[in-house]
$ cat data11.cif   # mmCIF, C-alpha atoms
data_my_file
#
loop_
_atom_site.label_atom_id
_atom_site.label_comp_id
_atom_site.auth_asym_id
_atom_site.auth_seq_id
_atom_site.Cartn_x
_atom_site.Cartn_y
_atom_site.Cartn_z
CA MET J 189 -68.58 106.57 -156.13
CA ASP J 190 -65.62 104.31 -155.55
CA ASN J 191 -66.42 104.13 -151.86
CA LYS J 192 -69.67 102.28 -152.51
CA LEU J 193 -70.36 98.69 -153.26
CA ALA J 194 -73.13 96.26 -154.02
CA PHE J 195 -73.12 93.47 -151.51
CA TRP J 196 -74.52 90.02 -150.82
CA LEU J 197 -77.45 90.42 -148.47
CA TYR J 198 -77.69 87.35 -146.27
CA PRO J 199 -81.04 86.43 -144.72
CA PHE J 200 -79.43 86.48 -141.28
CA SER J 201 -77.71 89.85 -141.67
CA ILE J 202 -80.17 92.14 -143.43
CA SER J 203 -79.31 95.75 -142.69
CA PHE J 204 -80.48 98.86 -144.48
CA THR J 205 -78.17 101.13 -142.49
CA ARG J 206 -76.97 103.95 -144.73
CA ALA J 207 -78.38 102.10 -147.76
CA LYS J 208 -80.17 103.76 -150.64
CA HIS J 209 -82.85 101.76 -152.35
CA ILE J 210 -82.80 102.83 -155.98
CA GLY J 211 -84.67 99.93 -157.51
CA PHE J 212 -83.36 96.42 -157.78
CA VAL J 213 -83.36 93.14 -159.64
CA GLN J 214 -82.96 89.91 -157.72
CA SER J 215 -81.17 86.88 -159.10
CA THR J 216 -80.91 83.87 -156.82
CA VAL J 217 -77.58 82.07 -156.90
CA GLU J 218 -78.05 78.34 -157.19
CA GLY J 219 -75.56 75.66 -156.34
CA SER J 220 -74.10 77.34 -153.27
CA LYS J 221 -73.70 75.20 -150.20
CA TYR J 222 -74.99 78.09 -148.08
CA PRO J 223 -78.60 79.18 -147.58
CA PRO J 224 -80.24 80.81 -150.65
CA GLN J 225 -79.23 84.42 -151.02
CA SER J 226 -80.17 87.19 -153.43
CA TYR J 227 -77.83 89.60 -155.10
CA ILE J 228 -79.41 93.01 -154.86
CA LEU J 229 -78.07 94.67 -157.98
CA GLY J 230 -79.40 98.12 -157.28
CA LEU J 231 -78.97 98.28 -153.51
CA LYS J 232 -75.73 100.03 -152.68
CA MET J 233 -74.09 100.49 -149.36
CA GLU J 234 -71.36 102.78 -148.10
CA VAL J 235 -68.29 100.95 -146.93
CA ASN J 236 -67.11 103.02 -144.03
CA LYS J 237 -65.77 102.64 -140.56
CA GLU J 238 -69.24 102.94 -139.04
CA LYS J 239 -69.96 99.48 -140.45
CA TYR J 240 -66.51 97.92 -140.93
CA ALA J 241 -63.09 98.45 -139.36
CA ALA J 242 -61.65 99.68 -142.66
CA ASP J 243 -62.78 101.10 -145.99
CA LEU J 244 -61.32 102.01 -149.36
CA SER J 245 -60.15 105.36 -148.02
CA SER J 246 -58.20 103.81 -145.12
CA ILE J 247 -56.73 101.22 -147.49
CA LYS J 248 -55.52 103.93 -149.87
CA GLU J 249 -54.07 105.85 -146.91
CA ALA J 250 -52.28 102.68 -145.80
CA HIS J 251 -50.81 102.21 -149.27
CA ALA J 252 -49.48 105.76 -149.28
CA ARG J 253 -48.02 105.21 -145.79
CA ILE J 254 -46.22 101.93 -146.53
CA SER J 255 -45.42 102.11 -150.25
CA SER J 256 -41.80 103.12 -149.63
CA PHE J 257 -41.27 100.08 -147.38
CA ILE J 258 -43.10 97.22 -149.12
CA HIS J 259 -42.47 95.41 -152.39
CA LYS J 260 -45.03 95.81 -155.14
CA THR J 261 -45.18 92.09 -155.71
CA PRO J 262 -45.48 90.72 -159.25
CA VAL J 263 -48.46 89.02 -160.85
CA MET J 264 -47.47 85.81 -162.62
CA THR J 265 -49.36 83.78 -165.21
CA SER J 266 -48.90 80.28 -166.59
CA GLU J 267 -50.41 78.84 -169.76
CA SER J 268 -49.85 75.37 -168.31
CA LEU J 269 -51.86 76.11 -165.16
CA ASP J 270 -54.51 77.84 -167.26
CA ALA J 271 -54.87 74.64 -169.27
CA ILE J 272 -55.06 72.47 -166.15
CA SER J 273 -57.68 74.67 -164.50
CA GLY J 274 -59.66 75.63 -167.60
CA ARG J 275 -59.49 79.30 -166.51
CA ARG J 276 -57.18 82.28 -166.86
CA LEU J 277 -55.21 82.53 -163.61
CA PHE J 278 -53.32 85.53 -162.27
CA PHE J 279 -51.05 84.81 -159.30
CA LYS J 280 -50.34 87.72 -156.94
CA CYS J 281 -47.02 86.62 -155.46
CA GLU J 282 -47.00 87.82 -151.87
CA CYS J 283 -44.46 85.08 -151.21
CA PHE J 284 -42.02 87.67 -152.64
CA GLN J 285 -43.07 90.31 -150.10
CA LYS J 286 -40.59 91.41 -147.44
CA GLY J 287 -40.68 88.86 -144.65
CA GLY J 288 -41.90 86.28 -147.15
CA ALA J 289 -45.63 86.99 -146.77
CA PHE J 290 -48.43 89.56 -147.14
CA LYS J 291 -48.36 90.10 -143.37
CA PHE J 292 -45.67 92.76 -143.72
CA ARG J 293 -48.20 95.13 -145.27
CA GLY J 294 -50.51 95.18 -142.27
CA ALA J 295 -47.71 95.14 -139.71
CA CYS J 296 -45.98 98.02 -141.43
CA ASN J 297 -49.18 100.08 -141.57
CA ALA J 298 -49.93 99.43 -137.90
CA ILE J 299 -46.46 100.35 -136.70
CA PHE J 300 -46.09 103.48 -138.81
CA SER J 301 -49.57 104.60 -137.70
CA LEU J 302 -48.33 104.89 -134.10
CA ASP J 303 -47.36 108.30 -132.79
CA ASP J 304 -43.84 108.74 -131.46
CA GLN J 305 -44.88 108.46 -127.82
CA GLN J 306 -46.68 105.15 -128.42
CA ALA J 307 -43.91 103.78 -130.60
CA ALA J 308 -41.20 104.52 -128.05
CA LYS J 309 -42.55 101.81 -125.75
CA GLY J 310 -42.46 99.19 -128.51
CA VAL J 311 -45.10 96.80 -129.76
CA VAL J 312 -46.25 93.35 -128.73
CA THR J 313 -48.17 90.61 -130.50
CA HIS J 314 -48.83 86.89 -130.36
CA SER J 315 -48.38 84.85 -133.51
CA SER J 316 -47.24 81.42 -134.62
CA GLY J 317 -45.66 82.59 -137.82
CA ASN J 318 -45.73 85.23 -140.51
CA HIS J 319 -47.27 88.08 -138.50
CA ALA J 320 -44.59 87.62 -135.86
CA ALA J 321 -41.81 88.02 -138.42
CA ALA J 322 -43.58 90.87 -140.19
CA LEU J 323 -44.05 92.85 -136.99
CA ALA J 324 -40.41 92.30 -136.00
CA LEU J 325 -39.24 93.58 -139.39
CA ALA J 326 -41.54 96.60 -139.39
CA ALA J 327 -40.45 97.47 -135.84
CA LYS J 328 -36.83 97.21 -136.90
CA LEU J 329 -37.45 99.66 -139.73
CA ARG J 330 -38.96 102.14 -137.28
CA GLY J 331 -36.23 101.52 -134.71
CA ILE J 332 -38.46 100.23 -131.93
CA THR J 333 -38.74 97.00 -129.97
CA ALA J 334 -41.08 94.18 -130.95
CA TYR J 335 -42.05 91.67 -128.25
CA VAL J 336 -43.39 88.55 -129.94
CA VAL J 337 -45.22 85.80 -128.07
CA ILE J 338 -44.71 82.57 -130.03
CA PRO J 339 -46.01 79.08 -129.24
CA LYS J 340 -43.37 76.42 -128.74
CA ASN J 341 -44.69 74.39 -131.69
CA ALA J 342 -44.26 77.19 -134.25
CA PRO J 343 -42.39 76.30 -137.49
CA GLN J 344 -38.67 76.86 -136.99
CA CYS J 345 -38.27 78.76 -140.24
CA LYS J 346 -40.75 81.36 -138.98
CA VAL J 347 -39.09 81.55 -135.55
CA GLN J 348 -35.75 82.15 -137.29
CA ASN J 349 -37.30 85.00 -139.26
CA VAL J 350 -38.36 86.72 -136.03
CA LEU J 351 -34.85 86.38 -134.63
CA ARG J 352 -33.31 87.54 -137.91
CA TYR J 353 -35.34 90.74 -137.78
CA GLY J 354 -34.45 91.45 -134.16
CA GLY J 355 -37.74 90.56 -132.45
CA GLN J 356 -37.67 89.64 -128.77
CA ILE J 357 -39.31 86.23 -128.45
CA VAL J 358 -41.43 85.28 -125.45
CA TRP J 359 -42.47 81.62 -125.51
CA SER J 360 -45.95 80.31 -124.81
CA GLU J 361 -47.78 77.01 -124.99
CA ALA J 362 -49.68 76.16 -128.17
CA PRO J 363 -53.27 77.08 -127.14
CA VAL J 364 -54.43 80.59 -128.03
CA GLN J 365 -55.37 81.20 -124.39
CA SER J 366 -51.73 80.73 -123.35
CA ARG J 367 -50.54 83.16 -126.05
CA GLU J 368 -53.06 85.79 -125.00
CA GLU J 369 -52.28 85.48 -121.29
CA ILE J 370 -48.56 85.88 -121.86
CA ALA J 371 -49.08 88.76 -124.29
CA THR J 372 -51.20 90.52 -121.64
CA LYS J 373 -48.40 90.06 -119.09
CA VAL J 374 -45.85 91.56 -121.50
CA LEU J 375 -48.17 94.51 -122.13
CA GLN J 376 -48.48 95.18 -118.41
CA GLU J 377 -44.72 94.98 -117.92
CA THR J 378 -43.65 97.10 -120.89
CA GLY J 379 -46.52 99.44 -121.75
CA ALA J 380 -46.04 98.45 -125.37
CA ALA J 381 -48.80 98.83 -127.96
CA PHE J 382 -50.62 95.63 -128.81
CA ILE J 383 -50.90 94.81 -132.53
CA HIS J 384 -53.38 91.99 -133.12
CA PRO J 385 -52.43 89.61 -135.95
CA TYR J 386 -55.65 90.28 -137.87
CA ASP J 387 -58.48 91.81 -135.81
CA ASP J 388 -57.26 95.39 -136.11
CA GLY J 389 -58.40 98.07 -138.55
CA ARG J 390 -54.82 99.11 -139.29
CA ILE J 391 -53.91 95.53 -140.13
CA ILE J 392 -56.98 95.06 -142.33
CA SER J 393 -56.23 98.31 -144.17
CA GLY J 394 -52.63 97.29 -144.77
CA GLN J 395 -53.61 93.89 -146.11
CA GLY J 396 -56.16 95.54 -148.40
CA THR J 397 -53.31 97.12 -150.36
CA VAL J 398 -52.90 93.71 -152.02
CA SER J 399 -56.21 94.38 -153.80
CA LEU J 400 -55.19 97.85 -154.94
CA GLU J 401 -52.11 96.46 -156.63
CA LEU J 402 -53.74 93.36 -158.07
CA LEU J 403 -56.61 95.26 -159.70
CA GLU J 404 -54.13 97.72 -161.16
CA GLN J 405 -51.88 94.94 -162.48
CA ALA J 406 -54.70 92.68 -163.74
CA PRO J 407 -57.84 94.82 -164.13
CA GLN J 408 -59.52 92.15 -166.25
CA ILE J 409 -60.04 89.69 -163.39
CA ASP J 410 -63.62 88.84 -162.43
CA THR J 411 -62.84 86.78 -159.30
CA ILE J 412 -60.31 86.81 -156.47
CA ILE J 413 -59.58 83.75 -154.34
CA VAL J 414 -58.04 84.46 -150.94
CA PRO J 415 -56.81 82.15 -148.15
CA ILE J 416 -58.91 82.61 -145.02
CA SER J 417 -57.99 82.19 -141.38
CA GLY J 418 -58.45 85.07 -138.95
CA GLY J 419 -59.74 87.11 -141.86
CA GLY J 420 -57.37 90.10 -141.96
CA LEU J 421 -56.25 89.51 -145.55
CA MET J 422 -59.70 88.38 -146.61
CA SER J 423 -61.35 91.49 -145.14
CA GLY J 424 -58.89 93.95 -146.64
CA VAL J 425 -59.02 92.35 -150.07
CA ALA J 426 -62.83 92.18 -150.08
CA LEU J 427 -63.35 95.75 -148.90
CA ALA J 428 -61.00 97.20 -151.51
CA ALA J 429 -62.01 94.97 -154.40
CA LYS J 430 -65.78 95.28 -153.91
CA SER J 431 -65.45 99.05 -153.57
CA ILE J 432 -63.48 99.33 -156.80
CA ASN J 433 -65.53 96.77 -158.71
CA PRO J 434 -68.84 95.83 -157.04
CA ALA J 435 -69.40 93.00 -159.53
CA ILE J 436 -66.19 91.16 -158.69
CA ARG J 437 -66.56 87.81 -156.94
CA ILE J 438 -64.63 87.25 -153.72
CA LEU J 439 -64.09 83.63 -152.76
CA ALA J 440 -62.26 82.26 -149.73
CA ALA J 441 -60.20 79.09 -149.65
CA GLU J 442 -60.14 77.15 -146.38
CA PRO J 443 -58.67 73.80 -145.27
CA LYS J 444 -61.10 71.05 -144.33
CA GLY J 445 -59.38 70.59 -140.97
CA ALA J 446 -59.88 74.24 -140.00
CA ASN J 447 -63.17 75.17 -141.66
CA ASP J 448 -64.53 77.50 -138.99
CA ALA J 449 -65.13 80.32 -141.49
CA ALA J 450 -67.35 78.10 -143.65
CA GLN J 451 -69.25 76.98 -140.58
CA SER J 452 -69.58 80.61 -139.45
CA LYS J 453 -71.03 81.63 -142.82
CA ALA J 454 -73.52 78.79 -142.69
CA ALA J 455 -74.55 79.55 -139.10
CA GLY J 456 -74.65 83.33 -139.43
CA ARG J 457 -72.39 83.79 -136.40
CA ILE J 458 -68.77 83.23 -135.44
CA VAL J 459 -68.06 79.53 -134.94
CA THR J 460 -64.83 78.35 -133.31
CA LEU J 461 -63.50 74.81 -133.34
CA PRO J 462 -62.21 72.79 -130.38
CA GLU J 463 -59.13 71.95 -132.44
CA THR J 464 -57.75 72.34 -135.95
CA ASN J 465 -55.86 69.80 -138.00
CA THR J 466 -54.26 70.93 -141.25
CA VAL J 467 -50.87 71.13 -142.92
CA ALA J 468 -51.63 74.83 -143.54
CA ASP J 469 -50.26 76.15 -140.24
CA GLY J 470 -51.03 79.74 -141.21
CA LEU J 471 -54.77 79.03 -141.49
CA ARG J 472 -55.58 77.79 -138.01
CA ALA J 473 -56.89 81.03 -136.47
CA PHE J 474 -60.57 81.91 -136.04
CA LEU J 475 -62.46 84.94 -137.31
CA GLY J 476 -62.45 88.03 -135.13
CA GLU J 477 -65.09 90.58 -134.18
CA LEU J 478 -63.81 93.03 -136.81
CA THR J 479 -63.17 90.58 -139.63
CA TRP J 480 -66.38 88.54 -139.27
CA PRO J 481 -68.79 91.27 -140.51
CA VAL J 482 -66.77 91.68 -143.70
CA VAL J 483 -66.61 87.94 -144.30
CA ARG J 484 -70.32 87.62 -143.54
CA ASP J 485 -71.36 90.40 -145.92
CA LEU J 486 -68.83 90.48 -148.74
CA VAL J 487 -67.38 87.00 -149.23
CA ASP J 488 -69.46 85.26 -151.87
CA ASP J 489 -68.54 81.69 -150.94
CA ILE J 490 -65.92 79.56 -149.20
CA ILE J 491 -64.24 76.65 -150.97
CA ILE J 492 -63.12 73.80 -148.72
CA VAL J 493 -60.10 71.72 -149.71
CA ASP J 494 -58.28 68.89 -147.98
CA ASP J 495 -54.57 68.72 -147.20
CA THR J 496 -53.82 66.41 -150.13
CA GLU J 497 -55.18 69.03 -152.53
CA ILE J 498 -53.10 71.72 -150.84
CA ILE J 499 -49.91 69.67 -151.15
CA ASP J 500 -50.63 68.92 -154.80
CA ALA J 501 -51.07 72.66 -155.44
CA MET J 502 -47.77 73.40 -153.69
CA ARG J 503 -46.07 70.95 -156.00
CA LEU J 504 -47.55 72.65 -159.06
CA CYS J 505 -46.30 76.01 -157.79
CA TYR J 506 -42.81 74.54 -157.48
CA GLU J 507 -42.80 72.61 -160.74
CA ILE J 508 -44.63 75.00 -163.06
CA LEU J 509 -44.48 78.50 -161.57
CA LYS J 510 -41.01 77.85 -160.09
CA VAL J 511 -42.18 79.56 -156.91
CA ALA J 512 -41.73 78.32 -153.35
CA VAL J 513 -45.11 78.59 -151.62
CA GLU J 514 -46.09 77.43 -148.13
CA PRO J 515 -49.29 75.38 -147.70
CA SER J 516 -51.35 78.41 -146.68
CA GLY J 517 -50.19 80.24 -149.77
CA ALA J 518 -51.01 77.42 -152.18
CA ILE J 519 -54.59 76.92 -151.03
CA GLY J 520 -56.04 79.34 -153.59
CA LEU J 521 -54.71 77.24 -156.45
CA ALA J 522 -55.94 74.11 -154.66
CA ALA J 523 -59.41 75.66 -154.52
CA VAL J 524 -59.50 76.45 -158.25
CA LEU J 525 -58.49 72.90 -159.07
CA SER J 526 -60.89 71.28 -156.60
CA ASP J 527 -63.93 69.31 -157.71
CA SER J 528 -66.14 71.38 -155.41
CA PHE J 529 -65.22 74.53 -157.33
CA ARG J 530 -65.30 73.01 -160.82
CA SER J 531 -68.68 71.37 -160.28
CA ASN J 532 -70.43 74.35 -158.68
CA PRO J 533 -72.61 76.03 -161.35
CA ALA J 534 -72.57 79.27 -159.37
CA TRP J 535 -68.94 79.79 -160.39
CA LYS J 536 -68.96 78.59 -163.99
CA ASP J 537 -68.52 82.19 -165.13
CA CYS J 538 -65.39 82.74 -163.03
CA ASN J 539 -63.06 82.88 -166.01
CA ARG J 540 -60.30 85.33 -165.04
CA ILE J 541 -59.25 84.55 -161.49
CA GLY J 542 -56.79 86.35 -159.27
CA ILE J 543 -55.14 84.00 -156.77
CA ILE J 544 -53.18 85.36 -153.83
CA LEU J 545 -50.09 83.29 -153.07
CA SER J 546 -50.01 84.63 -149.55
CA GLY J 547 -46.65 83.40 -148.30
CA GLY J 548 -43.55 81.33 -148.92
CA ASN J 549 -42.16 80.63 -145.45
CA LEU J 550 -41.86 76.88 -145.56
CA ASP J 551 -39.62 74.73 -143.36
CA LEU J 552 -37.67 72.72 -145.95
CA GLU J 553 -35.53 70.72 -143.53
CA VAL J 554 -37.33 67.47 -144.37
CA LEU J 555 -36.66 68.05 -148.07
CA TRP J 556 -33.00 68.84 -147.49
CA ASP J 557 -32.64 65.76 -145.31
CA SER J 558 -34.05 63.63 -148.12
CA PHE J 559 -31.47 65.05 -150.53
CA ARG J 560 -28.64 64.33 -148.10
CA LYS J 561 -29.71 60.69 -147.89
#
$ encode --input "data11.cif" --output "structure tokens"
Amino acid sequence: MDNKLAFWLYPFSISFTRAKHIGFVQSTVEGSKYPPQSYILGLKMEVNKEKYAADLSSIKEAHARISSFIHKTPVMTSESLDAISGRRLFFKCECFQKGGAFKFRGACNAIFSLDDQQAAKGVVTHSSGNHAAALALAAKLRGITAYVVIPKNAPQCKVQNVLRYGGQIVWSEAPVQSREEIATKVLQETGAAFIHPYDDGRIISGQGTVSLELLEQAPQIDTIIVPISGGGLMSGVALAAKSINPAIRILAAEPKGANDAAQSKAAGRIVTLPETNTVADGLRAFLGELTWPVVRDLVDDIIIVDDTEIIDAMRLCYEILKVAVEPSGAIGLAAVLSDSFRSNPAWKDCNRIGIILSGGNLDLEVLWDSFRK
């Protein structure tokens, strides 16, 4: 029965497809900033590719496919951070993953899922950061070419990672439209396989392997907090975790200056923003057609934090955990420490929380310059 899960049934997304009604008890969650919703304790639903782009089976297959290439990243704890937060915290350190971020899992699964004929023509993607480096590294391991469309304003540390791993960079302007147009041109010229940064079932399945490891390493957790942007990591983690433990809470952490996911949840449809403004450069993408249904159905709430809270959380990671974490990676800790989380009665029983430190690719030039002065 591990491929089934109980799910939040939103008023705007009621679906009884493949569901079995076996009697239920409703308990309304109060204190959420979203419309009232009922947790249907006895209504179970199959998580399969007819409804979502990935499921527990595809995530387990991905783990078997990539386990010889990825790091099984450690879970760290800190009594000091437990005392500050008033909870037991378990940090899944994807900042120690190859390429410096969780993105290597999905990229590796996507590339090693290609048949030899597809792979021979290479792969192409557009990304401003960690996915670009991850795809370049995974392509290098398979011995194929990675064409990476990168906006000119991308962080230099992430550009250097792509070059270090042998990716062929094609520059674009900052807007997503420019990236997509140039990526399409590269596809037409090379015949390479396109690997979307997040809206791809292979990517979602690869990212879901984070959940498999975390729940094995810390089976006592009752909540997982995940950074959210395009939703690849969020979707994979939610699908795996809710399938393994239907009672687990899945919360997203999102910056105030790029809160499209929160707005999408509230509206019941994908909302995009005219612009984003946040220090968390890895969290500026919008939900995709494949990731949105998972976020809509399985994410219990979204916690909004501002950039000051993110920076404070980064500092705590440095000073207490002794771990270098980029802004996007620190947002889960920022969410746990935020007033909006602490004061929400819906989450007062979140006592053992898994936090995914999603990446550690931070441009430290400003810091080094300050030391030199």
$ resolve_selection --input "data11.cif" --expression "the PyMOL selection byres ((chain J and resi 356) around 8)" --output "list in words"
Thr333, Ala334, Tyr335, Val336, Val350, Leu351, Gly354, Gly355, Ile357 and Val358 of chain J
$ resolve_selection --input "data11.cif" --expression "the PyMOL selection byres ((chain J and resi 470) around 9)" --output "NGL selection string"
:J and (316-318 or 417 or 467-469 or 471-473 or 514-517)
$ atom_distance --input "data11.cif" --atom1 "atom CA of Asn465 of chain J" --atom2 "atom CA of Ile383 of chain J"
26.1 Å
$ closest_residue --input "data11.cif" --among "J:Ala501, J:Lys510, J:Asn349, J:Thr313" --to "Lys373 of chain J" --atoms "all atoms listed in the file"
J:Thr313
$ atom_distance --input "data11.cif" --atom1 "atom CA of Leu325 of chain J" --atom2 "atom CA of Ala446 of chain J"
28.3 Å
$ residues_near_point --input "data11.cif" --point "(-44.0, 90.9, -158.8)" --cutoff "10 Å" --atoms "only C-alpha atoms" --output "ChimeraX atom specification"
/J:259-264,279-285,405
$ write_last_selection --input "data11.cif" --atoms "C-alpha atoms" --output "PDB file, keeping the file's coordinate frame"
ATOM      1  CA  HIS J 259     -42.470  95.410-152.390  1.00  0.00           C
ATOM      2  CA  LYS J 260     -45.030  95.810-155.140  1.00  0.00           C
ATOM      3  CA  THR J 261     -45.180  92.090-155.710  1.00  0.00           C
ATOM      4  CA  PRO J 262     -45.480  90.720-159.250  1.00  0.00           C
ATOM      5  CA  VAL J 263     -48.460  89.020-160.850  1.00  0.00           C
ATOM      6  CA  MET J 264     -47.470  85.810-162.620  1.00  0.00           C
ATOM      7  CA  PHE J 279     -51.050  84.810-159.300  1.00  0.00           C
ATOM      8  CA  LYS J 280     -50.340  87.720-156.940  1.00  0.00           C
ATOM      9  CA  CYS J 281     -47.020  86.620-155.460  1.00  0.00           C
ATOM     10  CA  GLU J 282     -47.000  87.820-151.870  1.00  0.00           C
ATOM     11  CA  CYS J 283     -44.460  85.080-151.210  1.00  0.00           C
ATOM     12  CA  PHE J 284     -42.020  87.670-152.640  1.00  0.00           C
ATOM     13  CA  GLN J 285     -43.070  90.310-150.100  1.00  0.00           C
ATOM     14  CA  GLN J 405     -51.880  94.940-162.480  1.00  0.00           C
TER      15      GLN J 405
END
$ residues_around --input "data11.cif" --residues "Ala250 of chain J" --least-positions-apart "6" --cutoff "10 Å" --atoms "all atoms listed in the file" --output "PyMOL selection string"
chain J and resi 244+293-294+296-298+300-301+390-397
$ atom_distance --input "data11.cif" --atom1 "atom CA of Val482 of chain J" --atom2 "atom CA of Arg437 of chain J"
13.8 Å
$ residues_around --input "data11.cif" --residues "Gly418 of chain J" --least-positions-apart "5" --cutoff "9 Å" --atoms "only C-alpha atoms" --output "JSON, numbers by chain"
{"J": [385, 386, 387, 449, 471, 472, 473, 474, 475, 476, 479, 480]}
$ write_last_selection --input "data11.cif" --atoms "C-alpha atoms" --output "short mmCIF file (atom, residue, chain, number, x, y, z; two decimals), in the frame of the given file"
data_model
loop_
_atom_site.label_atom_id
_atom_site.label_comp_id
_atom_site.auth_asym_id
_atom_site.auth_seq_id
_atom_site.Cartn_x
_atom_site.Cartn_y
_atom_site.Cartn_z
CA PRO J 385 -52.43 89.61 -135.95
CA TYR J 386 -55.65 90.28 -137.87
CA ASP J 387 -58.48 91.81 -135.81
CA ALA J 449 -65.13 80.32 -141.49
CA LEU J 471 -54.77 79.03 -141.49
CA ARG J 472 -55.58 77.79 -138.01
CA ALA J 473 -56.89 81.03 -136.47
CA PHE J 474 -60.57 81.91 -136.04
CA LEU J 475 -62.46 84.94 -137.31
CA GLY J 476 -62.45 88.03 -135.13
CA THR J 479 -63.17 90.58 -139.63
CA TRP J 480 -66.38 88.54 -139.27
#
$ residues_around --input "data11.cif" --residues "Leu478 of chain J" --least-positions-apart "6" --cutoff "8 Å" --atoms "only C-alpha atoms" --output "list in words"
Tyr240, Ala241, Asp387, Asp388 and Gly389 of chain J
$ residues_around --input "data11.cif" --residues "Glu507 of chain J" --least-positions-apart "6" --cutoff "12 Å" --atoms "all atoms listed in the file" --output "PyMOL selection string"
chain J and resi 266+268-269+500-501+513
$ residues_around --input "data11.cif" --residues "segment 524-529 of chain J" --least-positions-apart "2" --cutoff "10 Å" --atoms "all atoms listed in the file" --output "ChimeraX atom specification"
/J:221,269,272-275,277,413,441,490-494,497-498,500-501,519-522,531-536,538,541,543
$ closest_residue --input "data11.cif" --among "J:Gln344, J:Pro363, J:Ser423, J:Val414" --to "Glu463 of chain J" --atoms "all atoms listed in the file"
J:Pro363
$ closest_residue --input "data11.cif" --among "J:Ser256, J:Thr265, J:Asn549, J:Ser452" --to "Val487 of chain J" --atoms "all atoms listed in the file"
J:Ser452
$ axis_aligned_box --input "data11.cif" --around "segment 528-535 of chain J" --padding-each-side "4 Å" --output "lines of an AutoDock Vina configuration file"
center_x = -68.9
center_y = 75.6
center_z = -158.4
size_x = 15.4
size_y = 16.4
size_z = 13.9
$ closest_residue --input "data11.cif" --among "J:Arg276, J:Leu329, J:Lys444, J:Val483" --to "Asp537 of chain J" --atoms "only C-alpha atoms"
J:Arg276
$ decode --input "data11.cif" --residues "segment 309-320 of chain J" --atoms "N, CA, C and O atoms" --output "PDB file, in the first residue's frame"
ATOM      1  N   LYS J 309      23.371  12.701 -29.265  1.00  0.00           N
ATOM      2  CA  LYS J 309      23.212  14.062 -29.775  1.00  0.00           C
ATOM      3  C   LYS J 309      23.363  15.120 -28.687  1.00  0.00           C
ATOM      4  O   LYS J 309      23.299  16.318 -28.958  1.00  0.00           O
ATOM      5  N   GLY J 310      23.524  14.673 -27.440  1.00  0.00           N
ATOM      6  CA  GLY J 310      23.703  15.615 -26.339  1.00  0.00           C
ATOM      7  C   GLY J 310      22.384  16.062 -25.735  1.00  0.00           C
ATOM      8  O   GLY J 310      21.301  15.606 -26.127  1.00  0.00           O
ATOM      9  N   VAL J 311      22.499  16.974 -24.791  1.00  0.00           N
ATOM     10  CA  VAL J 311      21.324  17.509 -24.101  1.00  0.00           C
ATOM     11  C   VAL J 311      21.427  19.025 -24.056  1.00  0.00           C
ATOM     12  O   VAL J 311      22.515  19.596 -24.142  1.00  0.00           O
ATOM     13  N   VAL J 312      20.276  19.660 -23.906  1.00  0.00           N
ATOM     14  CA  VAL J 312      20.256  21.121 -23.818  1.00  0.00           C
ATOM     15  C   VAL J 312      19.266  21.530 -22.736  1.00  0.00           C
ATOM     16  O   VAL J 312      18.255  20.860 -22.507  1.00  0.00           O
ATOM     17  N   THR J 313      19.575  22.612 -22.045  1.00  0.00           N
ATOM     18  CA  THR J 313      18.662  23.161 -21.057  1.00  0.00           C
ATOM     19  C   THR J 313      18.878  24.660 -20.969  1.00  0.00           C
ATOM     20  O   THR J 313      19.829  25.201 -21.533  1.00  0.00           O
ATOM     21  N   HIS J 314      17.974  25.322 -20.248  1.00  0.00           N
ATOM     22  CA  HIS J 314      18.193  26.725 -19.899  1.00  0.00           C
ATOM     23  C   HIS J 314      18.078  26.840 -18.390  1.00  0.00           C
ATOM     24  O   HIS J 314      17.168  26.275 -17.782  1.00  0.00           O
ATOM     25  N   SER J 315      19.013  27.522 -17.781  1.00  0.00           N
ATOM     26  CA  SER J 315      19.045  27.609 -16.321  1.00  0.00           C
ATOM     27  C   SER J 315      19.962  28.744 -15.918  1.00  0.00           C
ATOM     28  O   SER J 315      20.961  29.022 -16.591  1.00  0.00           O
ATOM     29  N   SER J 316      19.622  29.376 -14.797  1.00  0.00           N
ATOM     30  CA  SER J 316      20.460  30.453 -14.283  1.00  0.00           C
ATOM     31  C   SER J 316      21.430  29.969 -13.218  1.00  0.00           C
ATOM     32  O   SER J 316      22.149  30.760 -12.638  1.00  0.00           O
ATOM     33  N   GLY J 317      21.428  28.667 -12.940  1.00  0.00           N
ATOM     34  CA  GLY J 317      22.282  28.269 -11.836  1.00  0.00           C
ATOM     35  C   GLY J 317      22.526  26.795 -11.657  1.00  0.00           C
ATOM     36  O   GLY J 317      23.180  26.158 -12.476  1.00  0.00           O
ATOM     37  N   ASN J 318      21.950  26.222 -10.602  1.00  0.00           N
ATOM     38  CA  ASN J 318      22.331  24.891 -10.161  1.00  0.00           C
ATOM     39  C   ASN J 318      21.955  23.787 -11.140  1.00  0.00           C
ATOM     40  O   ASN J 318      22.670  22.804 -11.272  1.00  0.00           O
ATOM     41  N   HIS J 319      20.821  23.908 -11.829  1.00  0.00           N
ATOM     42  CA  HIS J 319      20.455  22.886 -12.811  1.00  0.00           C
ATOM     43  C   HIS J 319      21.452  22.881 -13.961  1.00  0.00           C
ATOM     44  O   HIS J 319      21.791  21.808 -14.484  1.00  0.00           O
ATOM     45  N   ALA J 320      21.913  24.056 -14.343  1.00  0.00           N
ATOM     46  CA  ALA J 320      22.895  24.146 -15.428  1.00  0.00           C
ATOM     47  C   ALA J 320      24.160  23.356 -15.086  1.00  0.00           C
ATOM     48  O   ALA J 320      24.652  22.551 -15.888  1.00  0.00           O
TER      49      ALA J 320
END
